[in-house]
>>> print(open('target36.pdb').read())   # PDB, C-alpha atoms, pLDDT in the B column
ATOM      1  CA  MET A   1      40.361  53.780   2.078  1.00 29.00           C
ATOM      2  CA  ALA A   2      40.202  54.261  -1.672  1.00 34.00           C
ATOM      3  CA  LEU A   3      41.874  57.286  -3.175  1.00 37.00           C
ATOM      4  CA  ALA A   4      40.748  58.446  -6.599  1.00 40.00           C
ATOM      5  CA  LEU A   5      42.807  61.195  -8.123  1.00 42.00           C
ATOM      6  CA  VAL A   6      41.906  62.969 -11.330  1.00 45.00           C
ATOM      7  CA  THR A   7      43.832  61.983 -14.451  1.00 45.00           C
ATOM      8  CA  MET A   8      42.954  63.143 -17.898  1.00 47.00           C
ATOM      9  CA  SER A   9      43.541  62.177 -21.464  1.00 47.00           C
ATOM     10  CA  ILE A  10      44.396  65.492 -23.005  1.00 46.00           C
ATOM     11  CA  ALA A  11      42.901  66.763 -26.243  1.00 47.00           C
ATOM     12  CA  GLU A  12      44.963  68.695 -28.761  1.00 47.00           C
ATOM     13  CA  THR A  13      44.173  72.013 -27.051  1.00 54.00           C
ATOM     14  CA  ASP A  14      46.366  74.035 -24.681  1.00 70.00           C
ATOM     15  CA  VAL A  15      46.960  71.684 -21.760  1.00 89.00           C
ATOM     16  CA  GLU A  16      48.574  74.077 -19.249  1.00 93.00           C
ATOM     17  CA  PRO A  17      45.259  75.249 -17.691  1.00 94.00           C
ATOM     18  CA  LEU A  18      43.938  71.698 -17.428  1.00 94.00           C
ATOM     19  CA  HIS A  19      47.159  70.399 -15.870  1.00 94.00           C
ATOM     20  CA  ALA A  20      47.183  73.275 -13.373  1.00 94.00           C
ATOM     21  CA  VAL A  21      43.606  72.634 -12.254  1.00 95.00           C
ATOM     22  CA  VAL A  22      44.061  68.845 -12.124  1.00 94.00           C
ATOM     23  CA  GLU A  23      47.150  69.299  -9.925  1.00 95.00           C
ATOM     24  CA  GLY A  24      45.233  71.597  -7.568  1.00 95.00           C
ATOM     25  CA  THR A  25      42.218  69.278  -7.550  1.00 95.00           C
ATOM     26  CA  ASN A  26      44.426  66.314  -6.636  1.00 95.00           C
ATOM     27  CA  GLN A  27      45.985  68.255  -3.741  1.00 95.00           C
ATOM     28  CA  PHE A  28      42.548  69.289  -2.486  1.00 96.00           C
ATOM     29  CA  SER A  29      41.244  65.714  -2.906  1.00 94.00           C
ATOM     30  CA  SER A  30      44.032  64.287  -0.751  1.00 93.00           C
ATOM     31  CA  LEU A  31      43.239  66.720   2.072  1.00 92.00           C
ATOM     32  CA  PHE A  32      39.495  66.176   1.619  1.00 92.00           C
ATOM     33  CA  PHE A  33      39.845  62.387   1.955  1.00 89.00           C
ATOM     34  CA  GLN A  34      42.014  62.746   5.069  1.00 88.00           C
ATOM     35  CA  TYR A  35      39.362  64.832   6.831  1.00 88.00           C
ATOM     36  CA  VAL A  36      36.345  62.821   5.690  1.00 87.00           C
ATOM     37  CA  VAL A  37      37.863  59.412   6.407  1.00 84.00           C
ATOM     38  CA  GLY A  38      39.051  60.563   9.838  1.00 82.00           C
ATOM     39  CA  ASP A  39      35.460  60.654  11.112  1.00 75.00           C
ATOM     40  CA  ASN A  40      34.096  57.639   9.195  1.00 76.00           C
ATOM     41  CA  SER A  41      35.202  54.095   9.933  1.00 76.00           C
ATOM     42  CA  GLY A  42      32.760  52.283   7.611  1.00 79.00           C
ATOM     43  CA  ASN A  43      32.275  52.234   3.867  1.00 80.00           C
ATOM     44  CA  LEU A  44      32.018  55.638   2.304  1.00 77.00           C
ATOM     45  CA  ILE A  45      31.477  57.075  -1.147  1.00 79.00           C
ATOM     46  CA  THR A  46      32.313  60.725  -1.583  1.00 84.00           C
ATOM     47  CA  SER A  47      33.316  63.047  -4.389  1.00 87.00           C
ATOM     48  CA  PRO A  48      36.040  65.558  -3.612  1.00 92.00           C
ATOM     49  CA  LEU A  49      35.738  66.744  -7.215  1.00 92.00           C
ATOM     50  CA  SER A  50      32.137  67.863  -6.537  1.00 92.00           C
ATOM     51  CA  ALA A  51      33.247  69.840  -3.492  1.00 94.00           C
ATOM     52  CA  ASP A  52      36.210  71.269  -5.394  1.00 95.00           C
ATOM     53  CA  VAL A  53      34.098  72.501  -8.317  1.00 95.00           C
ATOM     54  CA  VAL A  54      31.440  74.283  -6.240  1.00 94.00           C
ATOM     55  CA  LEU A  55      34.023  75.772  -3.881  1.00 95.00           C
ATOM     56  CA  ALA A  56      35.999  77.016  -6.891  1.00 96.00           C
ATOM     57  CA  MET A  57      32.864  78.775  -8.126  1.00 95.00           C
ATOM     58  CA  VAL A  58      32.526  80.407  -4.704  1.00 94.00           C
ATOM     59  CA  ALA A  59      36.188  81.439  -4.837  1.00 95.00           C
ATOM     60  CA  PHE A  60      35.625  83.210  -8.151  1.00 94.00           C
ATOM     61  CA  GLY A  61      32.756  85.147  -6.564  1.00 92.00           C
ATOM     62  CA  ALA A  62      34.729  86.078  -3.451  1.00 93.00           C
ATOM     63  CA  GLY A  63      37.238  88.844  -2.907  1.00 93.00           C
ATOM     64  CA  GLY A  64      40.016  89.898  -0.547  1.00 95.00           C
ATOM     65  CA  ASN A  65      41.017  87.565   2.283  1.00 97.00           C
ATOM     66  CA  THR A  66      38.081  85.221   1.650  1.00 96.00           C
ATOM     67  CA  GLU A  67      39.195  84.672  -1.931  1.00 95.00           C
ATOM     68  CA  ALA A  68      42.796  84.155  -0.792  1.00 95.00           C
ATOM     69  CA  GLN A  69      41.720  81.486   1.699  1.00 96.00           C
ATOM     70  CA  PHE A  70      39.644  79.651  -0.920  1.00 95.00           C
ATOM     71  CA  ARG A  71      42.532  79.806  -3.395  1.00 95.00           C
ATOM     72  CA  LYS A  72      44.914  78.361  -0.809  1.00 95.00           C
ATOM     73  CA  VAL A  73      42.652  75.501   0.295  1.00 95.00           C
ATOM     74  CA  LEU A  74      41.768  74.590  -3.294  1.00 95.00           C
ATOM     75  CA  SER A  75      45.326  75.096  -4.602  1.00 94.00           C
ATOM     76  CA  LEU A  76      43.868  77.217  -7.393  1.00 94.00           C
ATOM     77  CA  PRO A  77      46.370  78.170 -10.057  1.00 90.00           C
ATOM     78  CA  THR A  78      47.060  81.800 -10.859  1.00 87.00           C
ATOM     79  CA  PRO A  79      46.212  83.877 -12.731  1.00 88.00           C
ATOM     80  CA  SER A  80      42.437  83.523 -12.446  1.00 87.00           C
ATOM     81  CA  ASN A  81      41.923  83.068 -16.188  1.00 90.00           C
ATOM     82  CA  LEU A  82      44.262  80.039 -16.079  1.00 93.00           C
ATOM     83  CA  ALA A  83      42.106  78.488 -13.341  1.00 94.00           C
ATOM     84  CA  ALA A  84      38.825  79.304 -15.097  1.00 95.00           C
ATOM     85  CA  THR A  85      40.048  77.871 -18.403  1.00 95.00           C
ATOM     86  CA  GLY A  86      41.348  74.809 -16.557  1.00 95.00           C
ATOM     87  CA  TYR A  87      37.976  74.089 -14.934  1.00 95.00           C
ATOM     88  CA  GLN A  88      36.274  74.492 -18.302  1.00 95.00           C
ATOM     89  CA  ALA A  89      38.686  71.970 -19.850  1.00 95.00           C
ATOM     90  CA  LEU A  90      38.275  69.581 -16.899  1.00 94.00           C
ATOM     91  CA  ILE A  91      34.476  69.587 -17.077  1.00 94.00           C
ATOM     92  CA  ASP A  92      34.518  69.317 -20.882  1.00 93.00           C
ATOM     93  CA  ASN A  93      36.934  66.360 -20.716  1.00 91.00           C
ATOM     94  CA  LEU A  94      34.907  64.514 -18.079  1.00 89.00           C
ATOM     95  CA  ASN A  95      31.658  65.109 -19.953  1.00 89.00           C
ATOM     96  CA  SER A  96      33.165  63.662 -23.142  1.00 90.00           C
ATOM     97  CA  VAL A  97      34.263  60.303 -21.674  1.00 86.00           C
ATOM     98  CA  LYS A  98      33.684  57.509 -24.187  1.00 86.00           C
ATOM     99  CA  ASP A  99      32.429  53.943 -23.548  1.00 84.00           C
ATOM    100  CA  ASN A 100      30.850  54.989 -20.223  1.00 87.00           C
ATOM    101  CA  ILE A 101      28.420  57.676 -19.144  1.00 87.00           C
ATOM    102  CA  LEU A 102      29.943  60.421 -17.028  1.00 86.00           C
ATOM    103  CA  THR A 103      28.256  63.792 -16.720  1.00 87.00           C
ATOM    104  CA  ILE A 104      28.988  66.690 -14.422  1.00 89.00           C
ATOM    105  CA  ALA A 105      26.367  69.391 -14.008  1.00 91.00           C
ATOM    106  CA  ASN A 106      26.464  72.573 -11.940  1.00 94.00           C
ATOM    107  CA  LYS A 107      23.707  74.978 -10.969  1.00 95.00           C
ATOM    108  CA  ILE A 108      23.491  78.102  -8.855  1.00 95.00           C
ATOM    109  CA  PHE A 109      20.199  78.848  -7.134  1.00 97.00           C
ATOM    110  CA  ILE A 110      20.083  82.484  -6.030  1.00 95.00           C
ATOM    111  CA  ALA A 111      17.643  84.245  -3.724  1.00 96.00           C
ATOM    112  CA  LYS A 112      15.306  86.504  -5.704  1.00 94.00           C
ATOM    113  CA  SER A 113      16.426  89.428  -3.534  1.00 90.00           C
ATOM    114  CA  ILE A 114      20.058  89.108  -4.695  1.00 91.00           C
ATOM    115  CA  ASP A 115      21.549  90.535  -7.854  1.00 89.00           C
ATOM    116  CA  ILE A 116      24.740  88.734  -8.803  1.00 89.00           C
ATOM    117  CA  LYS A 117      27.350  90.537 -10.837  1.00 92.00           C
ATOM    118  CA  PRO A 118      27.017  89.856 -14.559  1.00 94.00           C
ATOM    119  CA  SER A 119      30.750  89.039 -14.692  1.00 94.00           C
ATOM    120  CA  PHE A 120      30.317  86.231 -12.104  1.00 94.00           C
ATOM    121  CA  LYS A 121      27.213  84.900 -13.845  1.00 94.00           C
ATOM    122  CA  ASN A 122      29.049  84.888 -17.174  1.00 95.00           C
ATOM    123  CA  LEU A 123      32.158  83.242 -15.685  1.00 95.00           C
ATOM    124  CA  THR A 124      30.182  80.414 -14.078  1.00 95.00           C
ATOM    125  CA  GLU A 125      28.090  79.857 -17.217  1.00 95.00           C
ATOM    126  CA  VAL A 126      31.053  79.803 -19.603  1.00 96.00           C
ATOM    127  CA  TYR A 127      33.750  78.068 -17.570  1.00 96.00           C
ATOM    128  CA  PHE A 128      31.721  75.881 -15.169  1.00 95.00           C
ATOM    129  CA  HIS A 129      28.709  75.256 -17.441  1.00 94.00           C
ATOM    130  CA  SER A 130      26.594  76.436 -14.527  1.00 95.00           C
ATOM    131  CA  ALA A 131      23.288  78.124 -15.172  1.00 92.00           C
ATOM    132  CA  SER A 132      21.846  80.457 -12.539  1.00 94.00           C
ATOM    133  CA  GLU A 133      18.248  80.493 -11.394  1.00 95.00           C
ATOM    134  CA  SER A 134      16.516  82.899  -9.029  1.00 95.00           C
ATOM    135  CA  ILE A 135      14.163  81.268  -6.550  1.00 96.00           C
ATOM    136  CA  ASN A 136      12.300  82.324  -3.434  1.00 97.00           C
ATOM    137  CA  PHE A 137      13.890  80.515  -0.479  1.00 97.00           C
ATOM    138  CA  VAL A 138      11.162  81.846   1.846  1.00 96.00           C
ATOM    139  CA  GLU A 139       8.840  79.379   0.111  1.00 97.00           C
ATOM    140  CA  ASN A 140      11.139  76.606   1.269  1.00 97.00           C
ATOM    141  CA  VAL A 141       8.939  73.674   0.200  1.00 97.00           C
ATOM    142  CA  LYS A 142       8.645  74.955  -3.360  1.00 98.00           C
ATOM    143  CA  ALA A 143      12.350  75.944  -3.444  1.00 97.00           C
ATOM    144  CA  SER A 144      13.436  72.473  -2.293  1.00 97.00           C
ATOM    145  CA  GLU A 145      11.205  70.890  -4.957  1.00 97.00           C
ATOM    146  CA  ILE A 146      12.821  73.035  -7.660  1.00 97.00           C
ATOM    147  CA  ILE A 147      16.329  72.098  -6.512  1.00 97.00           C
ATOM    148  CA  ASN A 148      15.496  68.402  -6.067  1.00 96.00           C
ATOM    149  CA  THR A 149      13.886  68.217  -9.506  1.00 97.00           C
ATOM    150  CA  TRP A 150      17.094  69.582 -11.060  1.00 95.00           C
ATOM    151  CA  VAL A 151      19.228  67.103  -9.065  1.00 94.00           C
ATOM    152  CA  GLU A 152      17.035  64.140 -10.054  1.00 94.00           C
ATOM    153  CA  LYS A 153      17.135  65.134 -13.716  1.00 94.00           C
ATOM    154  CA  ASN A 154      20.929  65.435 -13.693  1.00 92.00           C
ATOM    155  CA  THR A 155      21.525  62.148 -11.854  1.00 90.00           C
ATOM    156  CA  ASN A 156      19.189  60.051 -14.013  1.00 90.00           C
ATOM    157  CA  ASN A 157      16.655  60.037 -11.140  1.00 93.00           C
ATOM    158  CA  LEU A 158      19.098  58.308  -8.776  1.00 89.00           C
ATOM    159  CA  ILE A 159      19.465  61.088  -6.199  1.00 89.00           C
ATOM    160  CA  LYS A 160      16.189  62.218  -4.714  1.00 91.00           C
ATOM    161  CA  ASN A 161      15.416  64.688  -1.935  1.00 92.00           C
ATOM    162  CA  LEU A 162      18.941  66.053  -1.630  1.00 92.00           C
ATOM    163  CA  VAL A 163      17.546  69.209  -0.075  1.00 94.00           C
ATOM    164  CA  VAL A 164      14.795  69.175   2.544  1.00 96.00           C
ATOM    165  CA  PRO A 165      12.660  72.269   3.133  1.00 97.00           C
ATOM    166  CA  ASP A 166      14.073  72.841   6.633  1.00 96.00           C
ATOM    167  CA  MET A 167      17.490  73.505   5.067  1.00 96.00           C
ATOM    168  CA  LEU A 168      16.136  76.634   3.340  1.00 97.00           C
ATOM    169  CA  ASN A 169      14.711  79.813   4.841  1.00 96.00           C
ATOM    170  CA  ALA A 170      14.591  83.617   4.503  1.00 95.00           C
ATOM    171  CA  ASP A 171      18.310  83.807   5.359  1.00 96.00           C
ATOM    172  CA  THR A 172      19.348  81.517   2.483  1.00 96.00           C
ATOM    173  CA  ARG A 173      21.005  83.529  -0.249  1.00 95.00           C
ATOM    174  CA  LEU A 174      22.724  80.998  -2.483  1.00 93.00           C
ATOM    175  CA  VAL A 175      22.735  77.240  -3.077  1.00 95.00           C
ATOM    176  CA  LEU A 176      25.402  75.795  -5.344  1.00 94.00           C
ATOM    177  CA  ILE A 177      24.834  72.256  -6.573  1.00 93.00           C
ATOM    178  CA  ASN A 178      27.184  69.899  -8.370  1.00 92.00           C
ATOM    179  CA  ALA A 179      25.734  66.646  -9.664  1.00 89.00           C
ATOM    180  CA  VAL A 180      27.830  63.777 -10.983  1.00 87.00           C
ATOM    181  CA  TYR A 181      26.272  60.874 -12.842  1.00 87.00           C
ATOM    182  CA  PHE A 182      28.388  57.863 -13.762  1.00 87.00           C
ATOM    183  CA  LYS A 183      27.388  54.585 -15.354  1.00 88.00           C
ATOM    184  CA  GLY A 184      30.029  52.278 -16.672  1.00 88.00           C
ATOM    185  CA  GLN A 185      31.348  48.747 -16.847  1.00 85.00           C
ATOM    186  CA  TRP A 186      34.371  47.400 -15.015  1.00 83.00           C
ATOM    187  CA  LEU A 187      37.301  46.633 -17.263  1.00 83.00           C
ATOM    188  CA  HIS A 188      37.788  43.459 -15.205  1.00 86.00           C
ATOM    189  CA  LYS A 189      34.464  42.443 -13.661  1.00 85.00           C
ATOM    190  CA  PHE A 190      34.182  40.865 -10.248  1.00 83.00           C
ATOM    191  CA  ASP A 191      33.525  37.152 -10.213  1.00 85.00           C
ATOM    192  CA  ALA A 192      29.931  36.903  -8.940  1.00 84.00           C
ATOM    193  CA  GLU A 193      30.768  33.711  -7.038  1.00 88.00           C
ATOM    194  CA  LEU A 194      33.518  35.502  -5.103  1.00 84.00           C
ATOM    195  CA  THR A 195      31.431  38.592  -4.388  1.00 76.00           C
ATOM    196  CA  MET A 196      29.131  39.066  -1.429  1.00 73.00           C
TER     197      MET A 196
END
>>> encode(input="target36.pdb", output="structure tokens")
Amino acid sequence: MALALVTMSIAETDVEPLHAVVEGTNQFSSLFFQYVVGDNSGNLITSPLSADVVLAMVAFGAGGNTEAQFRKVLSLPTPSNLAATGYQALIDNLNSVKDNILTIANKIFIAKSIDIKPSFKNLTEVYFHSASESINFVENVKASEIINTWVEKNTNNLIKNLVVPDMLNADTRLVLINAVYFKGQWLHKFDAELTM
């Protein structure tokens, strides 16, 4: 099992929000890996950061006991503005990695019949760099094409057909997507003769 925890090189800005979110993300990642690895004995690539980011967006849109449960599982820092600012700093830091390509993109696809609160839309746009788009999930083939086109564009055409039409229907209200694209070189490359 490989465990990848988030570490950051901090800019000259206020680091408390970033540290708080990174700490919570690392705690969530440890639990995430334990559950995922428990059911998979072979090789596995997974991104707890992707799950953490979209679930954090959901937490900010939730209220009451649901919000409290999300906050607990994700180890979200309080107050909420500390967490929101921390996610903004985390995404900004990851998207500004030098010498390699690392981009994180988020998108919220909302059923046309739903009106989301302007405060939630603003929060996700500002702090999670997540645009919102209304689509008709009843037209599941067209809706899946719209989502898949966005995913392909944001993964340099490496991830295709993430969503199949059967996953979407009249009951679908919201689809949150996080795409991570990474291209880089190893600091110490594998010897090709010792690699199989």
>>> closest_residue(input="target36.pdb", among="A:Val138, A:Leu90, A:Val97, A:Val54", to="Glu23 in chain A", atoms="all atoms listed in the file")
A:Leu90
>>> resolve_selection(input="target36.pdb", expression="the PyMOL selection byres ((chain A and resi 165-172) around 12)", output="list in words")
Phe109, Ile110, Ala111, Lys112, Ser113, Ile114, Ser134, Ile135, Asn136, Phe137, Val138, Glu139, Asn140, Val141, Lys142, Ala143, Ser144, Glu145, Ile146, Ile147, Asn148, Asn161, Leu162, Val163, Val164, Arg173, Leu174, Val175 and Leu176 of chain A
>>> residues_around(input="target36.pdb", residues="Thr46 in chain A", least_positions_apart="3", cutoff="9 Å", atoms="all atoms listed in the file", output="PyMOL selection string")
chain A and resi 33+36+49-50
>>> atom_distance(input="target36.pdb", atom1="CA of Ala62 in chain A", atom2="CA of Val21 in chain A")
18.4 Å
>>> resolve_selection(input="target36.pdb", expression="the PyMOL selection byres ((chain A and resi 150-155) around 9)", output="PyMOL selection string")
chain A and resi 103-105+107+145-149+156-162+177-182
>>> atom_distance(input="target36.pdb", atom1="CA of Ala56 in chain A", atom2="CA of Asn93 in chain A")
17.5 Å
>>> residues_around(input="target36.pdb", residues="Gln27 in chain A", least_positions_apart="4", cutoff="9 Å", atoms="all atoms listed in the file", output="NGL selection string")
:A and (5 or 22-23 or 31-32 or 73-75)
>>> atom_distance(input="target36.pdb", atom1="CA of Thr25 in chain A", atom2="CA of Ala89 in chain A")
13.1 Å
>>> closest_residue(input="target36.pdb", among="A:Ser119, A:Thr124, A:Ser29, A:Asn40", to="Asp52 in chain A", atoms="only C-alpha atoms")
A:Ser29
>>> resolve_selection(input="target36.pdb", expression="the PyMOL selection byres ((chain A and resi 84) around 10)", output="PyMOL selection string")
chain A and resi 17-18+21+56-57+60+76-83+85-90+123-124+126-128
>>> closest_residue(input="target36.pdb", among="A:Leu94, A:Ile101, A:Ala59, A:Val53", to="Ser130 in chain A", atoms="only C-alpha atoms")
A:Val53
>>> decode(input="target36.pdb", residues="range 60-71 of chain A", atoms="all heavy atoms", output="compact mmCIF listing (two decimals), in the first residue's frame")
# COMPACT_ATOMS: atom_id res chain seq x y z
N PHE A 60 -20.45 22.11 2.67
CA PHE A 60 -20.78 23.54 2.71
C PHE A 60 -22.20 23.81 2.24
O PHE A 60 -22.78 24.84 2.57
CB PHE A 60 -19.78 24.35 1.87
CG PHE A 60 -18.49 24.63 2.59
CD1 PHE A 60 -17.35 23.92 2.28
CD2 PHE A 60 -18.44 25.60 3.58
CE1 PHE A 60 -16.16 24.17 2.95
CE2 PHE A 60 -17.25 25.85 4.25
CZ PHE A 60 -16.12 25.13 3.94
N GLY A 61 -22.78 22.89 1.48
CA GLY A 61 -24.16 23.05 1.04
C GLY A 61 -25.17 22.39 1.96
O GLY A 61 -26.37 22.55 1.80
N ALA A 62 -24.68 21.64 2.93
CA ALA A 62 -25.56 20.91 3.86
C ALA A 62 -25.85 21.76 5.09
O ALA A 62 -25.29 22.83 5.28
CB ALA A 62 -24.91 19.59 4.26
N GLY A 63 -26.73 21.25 5.91
CA GLY A 63 -27.05 21.93 7.17
C GLY A 63 -27.38 20.92 8.25
O GLY A 63 -27.54 19.72 7.97
N GLY A 64 -27.46 21.38 9.48
CA GLY A 64 -27.89 20.53 10.59
C GLY A 64 -27.00 19.33 10.83
O GLY A 64 -25.76 19.41 10.73
N ASN A 65 -27.63 18.18 11.10
CA ASN A 65 -26.91 16.95 11.41
C ASN A 65 -26.10 16.45 10.22
O ASN A 65 -25.00 15.91 10.39
CB ASN A 65 -27.90 15.87 11.88
CG ASN A 65 -27.19 14.64 12.42
OD1 ASN A 65 -26.20 14.75 13.14
ND2 ASN A 65 -27.69 13.47 12.06
N THR A 66 -26.62 16.63 9.01
CA THR A 66 -25.89 16.20 7.82
C THR A 66 -24.56 16.95 7.71
O THR A 66 -23.51 16.35 7.48
CB THR A 66 -26.73 16.43 6.55
OG1 THR A 66 -27.96 15.72 6.69
CG2 THR A 66 -26.00 15.97 5.31
N GLU A 67 -24.62 18.26 7.90
CA GLU A 67 -23.39 19.05 7.86
C GLU A 67 -22.42 18.61 8.96
O GLU A 67 -21.21 18.47 8.72
CB GLU A 67 -23.70 20.53 8.02
CG GLU A 67 -22.46 21.40 8.02
CD GLU A 67 -22.76 22.86 8.32
OE1 GLU A 67 -23.89 23.19 8.72
OE2 GLU A 67 -21.83 23.67 8.16
N ALA A 68 -22.95 18.36 10.15
CA ALA A 68 -22.09 17.94 11.27
C ALA A 68 -21.40 16.62 10.97
O ALA A 68 -20.21 16.44 11.28
CB ALA A 68 -22.93 17.82 12.55
N GLN A 69 -22.11 15.69 10.34
CA GLN A 69 -21.50 14.40 9.99
C GLN A 69 -20.42 14.57 8.93
O GLN A 69 -19.36 13.96 9.04
CB GLN A 69 -22.58 13.43 9.52
CG GLN A 69 -23.49 12.97 10.64
CD GLN A 69 -24.60 12.06 10.15
OE1 GLN A 69 -24.72 11.77 8.96
NE2 GLN A 69 -25.43 11.61 11.08
N PHE A 70 -20.68 15.39 7.91
CA PHE A 70 -19.65 15.65 6.90
C PHE A 70 -18.42 16.29 7.55
O PHE A 70 -17.29 15.92 7.25
CB PHE A 70 -20.18 16.58 5.80
CG PHE A 70 -20.85 15.86 4.66
CD1 PHE A 70 -22.22 15.97 4.49
CD2 PHE A 70 -20.12 15.11 3.77
CE1 PHE A 70 -22.85 15.32 3.44
CE2 PHE A 70 -20.73 14.46 2.71
CZ PHE A 70 -22.11 14.56 2.55
N ARG A 71 -18.64 17.28 8.41
CA ARG A 71 -17.53 17.97 9.05
C ARG A 71 -16.68 17.00 9.88
O ARG A 71 -15.46 17.08 9.89
CB ARG A 71 -18.03 19.12 9.93
CG ARG A 71 -18.54 20.27 9.11
CD ARG A 71 -18.86 21.49 9.98
NE ARG A 71 -18.89 22.66 9.14
CZ ARG A 71 -17.83 23.30 8.71
NH1 ARG A 71 -16.63 22.92 9.06
NH2 ARG A 71 -17.94 24.35 7.92
